[in-house]
Every structure is written in structure tokens, then in C-alpha cells.
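These notes concern the structure reproduced below.
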Amino acid sequence: MRSSAWFVANYALLILCALRLIDGTRGHRLCGETDYYYEYTECDSTGSRWRVPIPQSPGACTGLPEPVHGTECTFSCEAGEFLEMSAQECTPCAAGSYSLGSGIRFDQWDSMPAGFSSLATSLEYNPHRDERLTCNSSTWVPQGSYLESNRDECTVSLIYAVHLKKQGSVSFEYQYPDNNLLFEFFIQNDQCQEMDQSADAKWLKLTNHGEWATHTVNLKSGTNILYWRTGGVMMAKGVKPVLLKNVQIEGVAYTSECFPCKPGSLSRIPGSTACEPCPRDTYAGHGASSCTPCNATTQYAAEGSAYCKYRPPCSKKDYFQFHTACDNEGKTHVIYKWIEPKICLDGVTGAEPLPPSGEKEPCPPCNPGFYNNDTATCSPCPPGTFSDGMKPCDRCPAGTEPNLGYEYKWWNILPANMKTSCFNVGNSKCDGMNGWEVARDHIQSGAGSSDNDYLILNIHIPGFKLPTSMSSHSGTEFGRITFEFEIVCVADCEFYFMMDVNRKSTTVVESWEGTKTRQTYTHVMTQNASVSYTWAFQRTNQPSDVRRYVNDVVRIYSVSVSNVVDGVASRCRACALSTRPSSSTCVPCPPGHYIDARTSRCTECPRNTHLVPHATPGPDACKPCGPASRSDKDHSLCYSDCHFTHTEGNVTLTYDLSLLGSVGSLMNGPSFTSKGTKYFHLFKIGLCGGKMAVCTDNVTDLSIADSQREKGEGISAVKTFICQSTIIPATGRGFYTALASQSINLADTLLGVTVASTLDGIRARPELYPQTTKKVPDVNFYYRSLEPTSSCESGHSAVVTLRCNAEKSTKGELAVPSQCPAGTCDGCTFHFLWESSAACPTCTETDYHQIEGACKGGHQDLLYVWTEPKLCMEGLSLPEKKTLPCEGVEFWVRLGAGLGAFTAVLLVSLTCYFWKKNKRLEYKYSRLVISANKECEMPGADSCAVMEGENEGDMEDEIVYTKPSLLGKLKAIASKGNGEHYEHVQLNSSHSKALVWS
């Protein structure tokens with residue numbers, strides 16, 4: 001019964017579903033060709049596949065075509081063709097479009113193309129979830145012809161997934177001018193596993209400001225997920241974003257449609273493989289096969305424009321001046337020209353006319369090292385000669401040699417080894433523009449085609465050559481570049497000074513923002529290599545296609561580079577002559593030797609002095625090392641030999657710091673930026689023993705091996721006494737390794753070691769650390785780095801305070817002041833506290849004391865122990881235990897008992913004696929008192945007869961005055977209670993019995 005009911009219910013349900021299906025079919029239309037598109041299924045094991053229709057809107061129509069067999073999996077179309085899926089044949093692209101055949105290209109960024117996505121990594125520290133502090137708004141932004149990365153420290157990934165039927169590649173163009181951002185490109189498979197890549201392929205190299213670089217990476221067949229990832233390091237100032245354009249992927253089997261030409265470009269014929277930009281003063285829209293001319297009278301358009309712009313009236317910002325080469329009269333012509341291409345109208349109301357050209361001005365003098373021999377140009381002085389630019393070249397006198405280099409302070413024309421250019425952010429170069437203009441006593445930034453152009457000035461130095469007398473020195477300075485400049489700005493302008501060593505990568509040496517007064521900057525070159533120095537000026541970093549801040553300008557007044565291989569000489573410098581008689585040949589001085597100007601001979605610097613590079617020849621070139629420091633064998637620097645002695649009063653403390661000679665390191669923090677990015681500051685300190693600290697950059701310096709990086713080799717490596725790197729941990733940022741960047745030199749000169757709190761203007765500031773009551777003083781190491789920065793004009797300085805702490809290990813513990821967790825309170829002077837048992841003085845006899853043991857069996861032990869707390873190490877060891885003979889306890893007990901008995905008997909005898917004498921004196925005294933109290937005349941001699949019971953013998957002696965004996969003194973003490981003081985007089989006389997008072 002139940003089975004019959006179940007069958008009836010299911011049958012009814014089937015009928016109901018069929019009726020609904022019929023009703024639904026009656027309500028939907030049949031699908032047309034525009035309602036669906038074709039796709040191929042995955043290839044099976046036999047290499048075949050099916051073509052299936054995919055509805056544009058599922059359920060919108062019915063009657064889709066049946067699946068059919070597709071083309072072979074190895075099938076592909078040529079460039080300029082696409083696979084027409086209806087016929088499954090390759091068809092040429094129509095005019096106005098293009099195809100790569102087995103590739104795809106993304107060159108239009110008005111909006112994010114289909115398939116691309118931007119993902120920001122959530123930062124790990126945001127306790128209050130403040131939206132302003134999150135990365136929700138950080139993304140890659142389309143800017144028309146390119147894609148722009150975020151400008152903050154958030155980690156943002158641009159992701160695109162592609163499935164390749166065969167091995168292929170991906171290439172793209174990028175701008176990466178700022179190492180405050182990290183920029184990496186890597187690939188994952190469909191299992192989210194990162195493909196094997198070399199460091200050079202993963203981490204993108206820096207580019208010059210405004211220049212585009214191309215990066216190409218091979219791809220494997222199958223699914224490839226492409227990642228372009230940026231993340232900030234330290235965003236202390238406005239960062240330059242990464243720009244990306246022209247992404248092209250090769251390796252797809254076919255393309256089912258052609259790509260339309262982007263606005264401003266065209267393809268004239270069918271079957272095009274690329275689109276070409278529209279010529280100047282023409283424009284084109286999306287998918288154009290021809291370009292439309294602008295109205296030449298009132299409109300203009302740059303090359304590759306999508307529309308025309310109206311020409312503004314001409315003004316001063318639309319023309320520039322330059323000077324011609326000097327003529328035979330020593331005159332230069334001032335020429336005014338319109339900035340090309342000319343976009344302004346000069347015949348309308350309010351237009352500024354072009355000033356007349358041809359005015360003559362006196363030519364400026366030749367630059368030092370050049371001369372004018374009655375011709376129109378300045379020529380370099382021949383080798384071995386020199387000139388200040390005002391006089392003809394002359395030979396250096398005996399005992400001197402030419403001081404080679406370049407010194408530019410007059411700017412009539414651009415020097416031969418200098419180049420100038422203009423780069424637009426979106427395009428490769430500014431149209432017809434030069435970046436910098438010469439102006440007699442200075443060179444200044446030009447107009448550019450827009451306010452956010454990079455105006456570039458470059459000087460190439462093929463190499464450095466030390467003067468002959470210094471050629472054997474092993475110093476760290478091979479040459480230096482010095483320039484004087486000023487900046488006048490009302491917008492957010494920036495001025496960069498960069499260098500590219502051996503044409504590997506460009507690094508920013510220093511940068512300045514906003515208006516700056518006239519000042520001088522010097523950079524020291526520490527390696528002998530080919531280098532290009534570049535100055536770049538940008539009026540604003542905001543997107544712009546107009547010239548609004550043309551009066552914002554940077555001026556460079558002078559540029560000088562020393563010790564250049566192919567340089568000229570502006571003066572001569574002293575050199576050492578050969579010891580051969582009458583020889584005038586300059587010879588190299590051994591390391592650590594200066595030139596004696598009187599004898600023109602090499603003289604070694606005195607002991608514990610270091611030779612100052614490029615100092616005036618003479619003994620003053622050797623500077624003494626600071627307290628408790630010594631020079632190396634080449635007299636190139638001063639260092640601590642890990643030994644220090646301090647004497648105060650009659651106490652001398654000797655320190656052996658050799659256990660601290662290895663490089664110490666300290667990672668403070670963590671710290672967090674305003675966005676919540678965690679970072680650390682890693683400090684490395686080479687304290688003594690001649691060992692130096694090395695800080696490296698593992699992100700932008702990828703051209704060297706790890707072993708070379710540890711030795712301090714590489715462009716961004718810093719090798720000095722104290723250095724600092726910024727470390728971003730791998731956790732929380734999406735990066736797979738900790739990142740080290742922004743390595744800086746904090747101390748390259750040891751000023752001295754002392755217990756004093758001040759040395760050479762640097763204060764140790766002991767109040768920054770917890771106070772100690774220990775008697776051992778702290779030892780301070782004072783350092784300085786003379787390399788100036790925009791924030792520290794006198795360079796950095798540092799103080800490392802060593803403190804004796806017996807509870808610490810010999811390696812000790814480094815710390816920074818709690819009030820200054822970054823190690824510095826003012827950004828220029830750094831303070832470190834290094835507590836260690838190895839910082840204690842060596843032990844002496846004053847650091848231990850003796851303990852006497854008990855006497856046992858006639859022997860006694862003498863022990864030696866350290867005085868607590870022990871504030872010394874090594875040095876003198878504790879003496880061995882000693883055993884000496886001694887008297888037993890029983891002897892001393894017997895001796896003490898005998899002395900005690902004798903003393904008791906003596907005291908009893910004395911007591912009895914004094915008692916008897918006191919009684920006799922008391923009787924005599926009472927007799928005298930009775931006699932004195934009688935009211936009668938003085939009795940006669942016989943009236944004072946001897947009373948009964950008196951001892952007559954006592955009266956027979958003569959009266960004798962005596963001084964108190966010891967016994968008498970004791971009696972006097974016994975009679976103090978009567979309040980009377982007197983001497984005792986014996987009253988015995990054989991002639992007279994008169995009373996005599998004392």
C-alpha cells in the first residue's frame with residue numbers, strides 16, 4: 001500500500017515539473033547570436049576538445065546550439081588574426097584593432113581591465129580598527145596610459161591570472177624611482193605555490209626619475225598567477241609611486257577577439273599587430289582606423305592625443321633664452337625661442353610677444369682648467385698644465401703636479417660631459433624640451449611640458465684617479481663632488497641628487513623639498529668606479545598636463561668633481577719627488593706619509609696620528625688620534641685597541657675590552673607607523689680591535705652575492721664603526737622574508753675613549769640611563785660621521801657607553817635610552833648603553849680581602865675572597881689558601897686565669913691599705929676640727945699634748961712638704977666627696993708643736 005502511494009506521488013511530481021517546463025518554454029524567446037559566446041573545454045587525454053556555447057545571461061533565452069568538436073589543441077592563430085569561433089577559423093583583425101596571435105596586451109588604463117584585481121594586505125597592528133589607519137583605501141589606480149601604485153606603507157598586490165597552453169612570457173614597462181617603496185614581481189601556480197625565481201627577477205631595480213624600464217619573465221604552461229606587489233618602508237615624506245604600463249603576455253593558444261586601439265592611436269589596415277599613435281595636432285577615439293586633424297588656428301594636440309585642446313595666449317612661460325658660442329670678439333648672442341611644440345597664440349589680446357634676439361653680451365670667462373687662445377671656444381688645458389680660466393695654460397712648477405678634476409662655475413654653454421633631458425611621467429620624454437637652461441653664472445631648471453615632468457641634468461665621470469703622491473694610499477676617499485644650489489618653490493617641488501655606479505642601478509643620495517636658501521652639498525666617493533651623477537627636479541608630484549608653476553625653479557651655481565680620470569687642472573698640488581739627484585719626477589708616497597713641502601719628500605706621520613685626505617701638504621696633514629685610541633699601520637684611521645686605563649687619585653683602573661671586540665648588534669622596537677606597519681631599527685657597532693660594522697640592503701642591492709654583501713661590498717652596503725638599517729619583518733606584510741633597507745652610516749670616525757661626559761662638543765648624557773651607585777666609572781666611546789644630510793648639516797655623532805655589570809655575560813647587552821627608543825632624541829646624535837661583565841676593569845689586590853680561620857691543632861688557615869659586589873674580571877687571580885702555626889686555646893685560658901687571680905689579690909690589698917690610711921687621716925682631721933672650734937686664745941706649745949692613744953713616734957719627725965705620690969693621688973681621689981682640696985703636711989717637729997695649715 002505504501003509503495004503504491006509513493007509511486008503515485010512521484011508520478012504526480014514529474015507531471016507537475018513537465019507542465020512548469022512547458023509553461024517556461026512558452027514564456028522565453030529563442031537565443032540569438034548575440035545572446036551567447038563560444039568557449040573551448042579543456043583538452044582531454046587524446047588532445048581533443050569541444051566548443052560549447054556560454055549564455056551572456058543565464059536563463060534569458062532558450063535554444064542554445066549543441067556542443068560540437070573543436071579544433072585541435074595545438075591550433076593557434078598568427079599575429080594580427082583572431083579565432084572566429086563560429087567558423088573556428090583564423091580571421092584577420094579589422095582596421096582599428098590589433099591582435100598578437102598567441103599573446104594579449106594591456107595598454108589602456110582608463111579603468112582596471114577585466115581579470116585584474118587590486119588587493120591590500122591588512123596590517124597587523126590596528127587595535128581600534130580606525131578606518132583612517134587601515135589599508136582599505138590603498139589600491140593601484142588607473143591613470144589613463146599607466147597604472148599607479150599606492151603612496152603609503154600598505155602592502156598592495158596587483159593580481160592577474162592567465163592559463164597558458166604553451167611556455168610563454170610576460171613583459172611590462174615600469175617606473176620605480178623611490179627606494180622608500182618595495183616593489184616585487186612574482187608568479188604563483190594554481191596551488192598558490194611561488195614559482196622559482198632569481199632575486200633579480202623578483203625584486204625590481206630602481207629606475208631614473210621619469211625613465212621607463214622593461215622587465216621580462218618566462219612563464220610555464222598551465223595556470224600562472226601574476227603578482228605586482230608594493231609596500232612602503234618608512235614614509236617620512238611623500239613617496240614616489242610605482243608606475244606600470246604595457247603589460248604583454250605571450251603563450252596563450254589563441255585570442256577569440258581583437259583588441260581595439262586605445263584613444264589616440266590607430267591601425268590603418270586589417271590584420272594589424274599593433275596600433276600606432278596619432279601624429280601631432282590630430283586625435284582619435286577608441287578603435288580608430290584614422291586620426292582627425294585639430295583646428296590648427298585655435299587647437300593643438302600632442303602626439304597620441306585622444307582629443308584637441310584650445311591654444312592659450314602666449315606668456316613668459318612659453319619661451320626661453322639661450323646663449324650662442326662665443327665669437328671672435330668675445331661676445332655671445334642672446335637668443336629667445338618659443339618652447340617647442342608651440343601651443344600658444346602670440347597674436348591675440350593679452351599675449352606676451354617673443355623678445356627680440358641678437359643682443360650681444362660679453363662671454364663669461366672659461367671655467368678653471370680651460371683656456372681661450374683667441375678663438376671662439378674654451379679648450380681644455382693640455383696634460384701637465386693648468387689654468388684658472390682667466391689666463392693661458394701653464395706648466396706646474398717642480399715639486400707639484402696638476403690637480404685633475406672638473407670645476408664648472410660659468411655657464412655659457414652646457415659642458416661636453418653634461419647632458420640634459422626632460423621626462424614626462426606618462427610618456428617617455430617631454431616633446432622637444434630640454435630639462436635645464438644655462439644662464440651665465442648658473443644653470444637652472446627649464447619649463448618642461450607640464451608641472452610634473454622630471455627635469456634631468458646628468459654628468460658622467462668615467463672613473464677616479466688619485467694624485468700621484470697618494471696613489472698608493474688605501475683610504476676610503478677616491479674623489480668628491482660638490483655643488484652649490486638654491487630652490488625657489490610655491491608648490492610641492494622636490495630636488496633629487498642621485499648616482500648610478502657602473503650603470504647598475506640609480507640610488508638617491510639626497511633630496512630636498514620646498515624652498516631652500518643658497519647652500520653647498522658635498523658627496524664623497526668611496527670606490528673607484530664609473531659613475532653618473534644626476535640632478536632631477538619636479539615641480540609637483542600631482543598629475544598635470546599644464547605649466548602652472550613655471551616660476552618654481554632650482555639653480556645650480558657651481559659643480560666641482562675631484563680626481564677625475566680625464567679631468568683638467570685648475571691648479572697644482574704639491575707632490576713628492578724622486579730621491580735621485582736633480583729628478584723632477586713625482587713619485588707615490590707610501591701609505592701614511594705626507595709630503596714635506598720644504599724637501600718635497602715623503603715623511604711618515606707620527607705615531608698615533610692619521611692622515612687627513614686632501615689636506616694641505618705638511619705636518620698638519622697628520623691629525624692626532626683622540627684619547628685612548630691609536631692609528632692603524634697605514635695611518636688611515638684611528639681605532640681602539642680594546643685596552644683602556646683610567647687613573648683617579650692613587651687608584652688606577654685597567655680595562656681589557658677584547659671580549660667586546662666582535663661587532664655588537666641591537667634591534668630595538670618594535671615601532672609602528674601611522675598605518676600600523678611594524679618595523680625595527682637594527683644597529684651594528686664595531687667597538688674596538690679594528691673590526692667594522694656592515695649594514696646592507698637586501699631589497700634594492702641584488703647584483704651581488706650574500707658573501708660579498710657580508711663583506712660590505714655593493715652600492716648600498718655601509719661599512720663603518722656604527723651603522724643602522726630599517727628592518728620590516730616578514731609577518732603581517734605578505735613578504736616571504738624580512739626586508740632590510742635604508743642603511744645609513746652613523747659613525748666613521750672614532751674621536752676617543754674617556755670616562756668624561758663630553759668630548760669634542762659631543763655630550764654623553766648619562767641622565768638618559770638608570771643611575772648606578774657602583775664605584776666603577778662608565779667608559780664612553782665617542783664617534784662622528786662628517787657626511788652631512790639635509791637634517792644634520794654637521795653629520796651624525798654617536799656615544800657608546802660601556803658599563804660594568806657583573807650580572808651580564810661577557811657579550812653583554814646593548815640598549816638605547818627609554819626616552820629615545822629610536823636611539824636618538826634629536827635625529828643627529830645617537831646614544832647606546834652596553835652593559836657587560838667584560839666592561840669591568842681587570843682585578844687587582846684592592847678587589848679582594850683576607851679571612852683568618854679558626855686555630856685548630858696548632859694551625860690556622862688564611863683565606864682570600866673577592867670584595868662584594870665584585871666589579872672586576874680576569875687580571876689578578878685570588879691567592880691560594882695559606883696555613884700557619886698558632887698557639888692553642890688552653891694556653892691562653894691558663895694565662896688569662898693567672899692574670900685574673902693576680903689582679904684580684906692586688907685589688908684586695910690596695911683596698912685594705914687605703915681603708916686603714918683613711919681611718920687614720922679621719923681621726924687626725926677630727927682632732928683638728930675640735931681644736932679649731934674652742935673660743936680661746938691660741939694655745940701654747942704645751943697645750944697640744946699628745947692625746948692618749950696617739951702614736952708619739954708619729955710626731956717625732958720633722959715637718960716635710962711632699963708632693964703627692966701615686967698613692968697620694970689615689971687618696972685624693974677617695975676624698976673628693978668632701979669638696980675640699982689640700983695637700984698633706986706632716987706636723988711632727990722636735991722643737992715646736994705649732995699647727996701648720998696647708
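Letters A, B, ... mark the chains of the C-alpha cells in the order given; residue numbers begin at 1 per chain; ligand numbers begin at 1, in order shown.
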How would you write, as a ChimeraX atom specification, the set of residues in stretch 386-489 of chain A that DSSP gives as strand (DSSP E)?
/A:386,394-395,400-408,418-423,436-438,443-445,454-461,479-488
Take the residues that were just selected and, keeping N, CA and C atoms, output them as a CSV table (one decimal), in the first residue's frame.
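As a result, result23.csv now contains:
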```csv
chain,number,residue,atom,x,y,z
A,386,PHE,N,97.9,73.8,-16.3
A,386,PHE,CA,96.8,74.2,-15.5
A,386,PHE,C,96.4,75.6,-15.9
A,394,ASP,N,99.6,76.9,-18.1
A,394,ASP,CA,101.0,77.0,-17.7
A,394,ASP,C,101.3,75.6,-17.1
A,395,ARG,N,102.6,75.3,-17.2
A,395,ARG,CA,103.1,74.0,-16.6
A,395,ARG,C,103.3,74.2,-15.1
A,400,THR,N,105.4,69.9,-7.9
A,400,THR,CA,104.0,69.9,-8.0
A,400,THR,C,103.5,69.1,-9.2
A,401,GLU,N,102.2,68.8,-9.2
A,401,GLU,CA,101.5,68.1,-10.2
A,401,GLU,C,100.1,68.7,-10.4
A,402,PRO,N,99.5,68.5,-11.6
A,402,PRO,CA,98.2,69.0,-11.9
A,402,PRO,C,97.1,68.4,-10.9
A,403,ASN,N,96.2,69.2,-10.4
A,403,ASN,CA,95.2,68.7,-9.6
A,403,ASN,C,93.9,68.5,-10.5
A,404,LEU,N,93.8,67.2,-11.0
A,404,LEU,CA,92.8,66.9,-12.0
A,404,LEU,C,91.4,66.9,-11.5
A,405,GLY,N,90.5,67.3,-12.3
A,405,GLY,CA,89.1,67.3,-11.9
A,405,GLY,C,88.3,68.2,-12.9
A,406,TYR,N,87.1,68.5,-12.5
A,406,TYR,CA,86.2,69.4,-13.2
A,406,TYR,C,85.7,70.4,-12.3
A,407,GLU,N,85.7,71.7,-12.7
A,407,GLU,CA,85.1,72.8,-11.9
A,407,GLU,C,84.3,73.7,-12.8
A,408,TYR,N,83.0,73.7,-12.7
A,408,TYR,CA,82.2,74.5,-13.6
A,408,TYR,C,81.5,75.6,-12.7
A,418,MET,N,78.2,66.9,-19.8
A,418,MET,CA,76.9,67.0,-19.2
A,418,MET,C,75.8,66.9,-20.3
A,419,LYS,N,74.7,66.3,-19.8
A,419,LYS,CA,73.5,66.2,-20.7
A,419,LYS,C,72.3,66.6,-19.9
A,420,THR,N,71.3,67.1,-20.6
A,420,THR,CA,70.1,67.5,-20.0
A,420,THR,C,68.9,66.9,-20.8
A,421,SER,N,67.8,66.6,-20.1
A,421,SER,CA,66.7,66.0,-20.7
A,421,SER,C,65.4,66.3,-19.9
A,422,CYS,N,64.3,65.9,-20.4
A,422,CYS,CA,63.0,66.1,-19.7
A,422,CYS,C,62.2,64.8,-19.9
A,423,PHE,N,61.7,64.3,-18.8
A,423,PHE,CA,60.9,63.1,-18.8
A,423,PHE,C,59.5,63.4,-18.3
A,436,TRP,N,67.2,71.6,-18.6
A,436,TRP,CA,67.9,72.7,-17.9
A,436,TRP,C,68.4,73.7,-18.9
A,437,GLU,N,68.5,75.0,-18.5
A,437,GLU,CA,68.9,76.1,-19.3
A,437,GLU,C,70.1,76.7,-18.6
A,438,VAL,N,71.1,77.1,-19.5
A,438,VAL,CA,72.3,77.8,-19.0
A,438,VAL,C,72.0,79.3,-18.9
A,443,ILE,N,73.1,77.5,-13.9
A,443,ILE,CA,72.3,76.7,-14.7
A,443,ILE,C,71.0,76.4,-14.0
A,444,GLN,N,69.8,76.5,-14.6
A,444,GLN,CA,68.6,76.4,-13.9
A,444,GLN,C,67.6,75.4,-14.6
A,445,SER,N,66.6,75.0,-13.9
A,445,SER,CA,65.6,74.1,-14.4
A,445,SER,C,64.8,74.8,-15.5
A,454,TYR,N,59.9,65.5,-15.0
A,454,TYR,CA,61.2,65.4,-14.3
A,454,TYR,C,62.2,66.1,-15.2
A,455,LEU,N,62.9,67.1,-14.7
A,455,LEU,CA,63.9,67.9,-15.4
A,455,LEU,C,65.2,67.3,-15.0
A,456,ILE,N,65.9,66.7,-15.9
A,456,ILE,CA,67.1,65.9,-15.6
A,456,ILE,C,68.4,66.6,-16.1
A,457,LEU,N,69.4,66.6,-15.2
A,457,LEU,CA,70.7,67.1,-15.6
A,457,LEU,C,71.7,66.0,-15.1
A,458,ASN,N,72.6,65.6,-16.0
A,458,ASN,CA,73.5,64.4,-15.8
A,458,ASN,C,74.9,64.8,-16.1
A,459,ILE,N,75.8,64.3,-15.3
A,459,ILE,CA,77.3,64.4,-15.6
A,459,ILE,C,77.9,63.0,-15.4
A,460,HIS,N,78.6,62.6,-16.4
A,460,HIS,CA,79.2,61.3,-16.4
A,460,HIS,C,80.7,61.4,-16.0
A,461,ILE,N,81.1,60.6,-15.1
A,461,ILE,CA,82.5,60.5,-14.6
A,461,ILE,C,83.0,59.1,-15.0
A,479,GLY,N,87.4,60.4,-4.5
A,479,GLY,CA,87.0,61.7,-5.0
A,479,GLY,C,85.8,62.2,-4.4
A,480,ARG,N,85.4,63.5,-4.7
A,480,ARG,CA,84.2,64.1,-4.1
A,480,ARG,C,83.6,65.0,-5.2
A,481,ILE,N,82.3,65.1,-5.1
A,481,ILE,CA,81.6,66.1,-5.9
A,481,ILE,C,80.9,67.1,-5.0
A,482,THR,N,81.0,68.4,-5.3
A,482,THR,CA,80.5,69.5,-4.5
A,482,THR,C,79.7,70.4,-5.5
A,483,PHE,N,78.5,70.8,-5.1
A,483,PHE,CA,77.7,71.7,-5.9
A,483,PHE,C,77.0,72.7,-5.0
A,484,GLU,N,76.8,73.9,-5.5
A,484,GLU,CA,76.1,75.0,-4.8
A,484,GLU,C,74.8,75.2,-5.5
A,485,PHE,N,73.7,75.3,-4.7
A,485,PHE,CA,72.4,75.4,-5.3
A,485,PHE,C,71.4,76.2,-4.5
A,486,GLU,N,70.3,76.5,-5.0
A,486,GLU,CA,69.2,77.1,-4.3
A,486,GLU,C,67.9,76.7,-5.0
A,487,ILE,N,66.8,76.7,-4.2
A,487,ILE,CA,65.5,76.3,-4.7
A,487,ILE,C,64.5,77.3,-4.3
A,488,VAL,N,63.6,77.7,-5.3
A,488,VAL,CA,62.5,78.7,-5.1
A,488,VAL,C,61.2,78.0,-5.6
```
Give me the residues near A:Val425 as number ranges by chain, where near means some atom within 10 Å (using only C-alpha atoms) and where sequence neighbours in that chain fewer than 5 positions away do not count.
A: 146, 175, 209-212, 243, 430, 450, 452-454, 541, 543-544
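Among the candidates A:Ala932, A:Ala439, A:Leu666, A:Ile685, the residue lying nearest to A:Arg555 is A:Ala439 (atoms considered: only C-alpha atoms).
Among the candidates A:Thr789, A:Ser837, A:Thr507, A:Asn650, the one nearest to A:Glu807 when counting only C-alpha atoms is A:Ser837.
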In Å, with one decimal, what is the gap from atom CA of A:Gln143 to atom CA of A:Ser449?
18.0 Å
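The residue that comes closest to A:Leu750, out of A:Tyr319, A:Phe116, A:Phe186, A:Phe781 and on the basis of only C-alpha atoms, is A:Phe781.
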Give one line per residue of stretch 321-374 of chain A that approaches stretch 287-309 of chain A to at most 12 Å, naming the two atoms of the closest pair and their distance in Å to one decimal, counting only C-alpha atoms; sort by chain then ascending residue number and deliver it as a tab-separated table.
```
residue	atom	partner	partner_atom	distance
A:Glu340	CA	A:Ala302	CA	11.0
A:Pro341	CA	A:Ala302	CA	8.5
A:Lys342	CA	A:Tyr300	CA	9.0
A:Ile343	CA	A:Tyr300	CA	6.4
A:Cys344	CA	A:Tyr300	CA	9.0
A:Leu345	CA	A:Thr298	CA	8.0
A:Asp346	CA	A:Thr297	CA	11.4
A:Gly347	CA	A:Thr297	CA	11.1
A:Val348	CA	A:Thr298	CA	10.9
```
Tell me which protein, DNA and RNA residues are within 8 Å of A:Ile722, counting only C-alpha atoms, leaving out same-chain ones fewer than 6 positions away, and put them as a list in words.
Phe683, Lys684, Ile685, Gly686, Met692, Ala693, Asn745, Leu746, Ala747 and Asp748 of chain A
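Proximity to A:Trp50 was assessed for A:Asp861, A:Glu922, A:Glu66, A:Glu874 counting only C-alpha atoms; the smallest distance is recorded for A:Glu66.
In this comparison, which uses only C-alpha atoms, the residue of A:Cys73, A:Ala904, A:Val753, A:Met667 approaching A:Gly823 most closely is A:Met667.
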One-decimal distance in Å that lies between atom CA of A:Lys391 and atom CA of A:Thr377:
14.2 Å
Quick one: residues within 7 Å of A:Val718, only C-alpha atoms counted, chain neighbours fewer than 6 positions away excluded, as an NGL selection string?
:A and (694-696 or 712 or 743-745)
Could the residues in this selection be written to a file with all heavy atoms, as a PDB file, in the first residue's frame?
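Output (part_6.pdb):
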```pdb
ATOM      1  N   VAL A 694      78.892  46.245   9.322  1.00  0.00           N
ATOM      2  CA  VAL A 694      78.413  46.255   7.941  1.00  0.00           C
ATOM      3  C   VAL A 694      76.890  46.197   7.944  1.00  0.00           C
ATOM      4  O   VAL A 694      76.300  45.304   8.557  1.00  0.00           O
ATOM      5  CB  VAL A 694      78.987  45.074   7.128  1.00  0.00           C
ATOM      6  CG1 VAL A 694      78.410  45.067   5.719  1.00  0.00           C
ATOM      7  CG2 VAL A 694      80.498  45.143   7.080  1.00  0.00           C
ATOM      8  N   CYS A 695      76.250  47.150   7.293  1.00  0.00           N
ATOM      9  CA  CYS A 695      74.800  47.149   7.092  1.00  0.00           C
ATOM     10  C   CYS A 695      74.535  47.096   5.590  1.00  0.00           C
ATOM     11  O   CYS A 695      75.164  47.809   4.816  1.00  0.00           O
ATOM     12  CB  CYS A 695      74.146  48.400   7.688  1.00  0.00           C
ATOM     13  SG  CYS A 695      74.231  48.492   9.492  1.00  0.00           S
ATOM     14  N   THR A 696      73.623  46.242   5.188  1.00  0.00           N
ATOM     15  CA  THR A 696      73.338  46.043   3.768  1.00  0.00           C
ATOM     16  C   THR A 696      71.857  46.195   3.491  1.00  0.00           C
ATOM     17  O   THR A 696      71.030  46.237   4.399  1.00  0.00           O
ATOM     18  CB  THR A 696      73.803  44.646   3.306  1.00  0.00           C
ATOM     19  OG1 THR A 696      73.118  43.650   4.081  1.00  0.00           O
ATOM     20  CG2 THR A 696      75.294  44.481   3.479  1.00  0.00           C
ATOM     21  N   GLY A 712      80.590  43.901   3.030  1.00  0.00           N
ATOM     22  CA  GLY A 712      80.378  45.325   2.820  1.00  0.00           C
ATOM     23  C   GLY A 712      80.524  45.756   1.383  1.00  0.00           C
ATOM     24  O   GLY A 712      80.645  46.950   1.103  1.00  0.00           O
ATOM     25  N   SER A 743      69.961  51.619   4.754  1.00  0.00           N
ATOM     26  CA  SER A 743      71.164  51.529   5.575  1.00  0.00           C
ATOM     27  C   SER A 743      71.891  52.874   5.543  1.00  0.00           C
ATOM     28  O   SER A 743      72.108  53.441   4.473  1.00  0.00           O
ATOM     29  CB  SER A 743      72.093  50.424   5.049  1.00  0.00           C
ATOM     30  OG  SER A 743      71.452  49.166   5.129  1.00  0.00           O
ATOM     31  N   ILE A 744      72.248  53.368   6.730  1.00  0.00           N
ATOM     32  CA  ILE A 744      72.925  54.653   6.826  1.00  0.00           C
ATOM     33  C   ILE A 744      74.141  54.540   7.727  1.00  0.00           C
ATOM     34  O   ILE A 744      74.223  53.666   8.585  1.00  0.00           O
ATOM     35  CB  ILE A 744      71.989  55.763   7.358  1.00  0.00           C
ATOM     36  CG1 ILE A 744      71.448  55.394   8.748  1.00  0.00           C
ATOM     37  CG2 ILE A 744      70.859  56.031   6.388  1.00  0.00           C
ATOM     38  CD1 ILE A 744      70.612  56.479   9.372  1.00  0.00           C
ATOM     39  N   ASN A 745      75.096  55.437   7.511  1.00  0.00           N
ATOM     40  CA  ASN A 745      76.331  55.496   8.281  1.00  0.00           C
ATOM     41  C   ASN A 745      76.140  56.467   9.435  1.00  0.00           C
ATOM     42  O   ASN A 745      75.825  57.641   9.235  1.00  0.00           O
ATOM     43  CB  ASN A 745      77.466  55.947   7.354  1.00  0.00           C
ATOM     44  CG  ASN A 745      78.733  56.252   8.103  1.00  0.00           C
ATOM     45  OD1 ASN A 745      78.946  55.786   9.223  1.00  0.00           O
ATOM     46  ND2 ASN A 745      79.595  57.056   7.503  1.00  0.00           N
TER      47      ASN A 745
END
```
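Counting only C-alpha atoms, the residue from A:Met470, A:Leu100, A:Ala95, A:Val141 that sits nearest to A:Ser265 is A:Ala95.
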Can you pull out every residue within 10 Å of A:Ala447, counting only C-alpha atoms, but drop anything in the same chain fewer than 5 positions away, and send it as number ranges by chain?
A: 317-320, 339, 422, 433-437, 453, 455, 539, 547-553
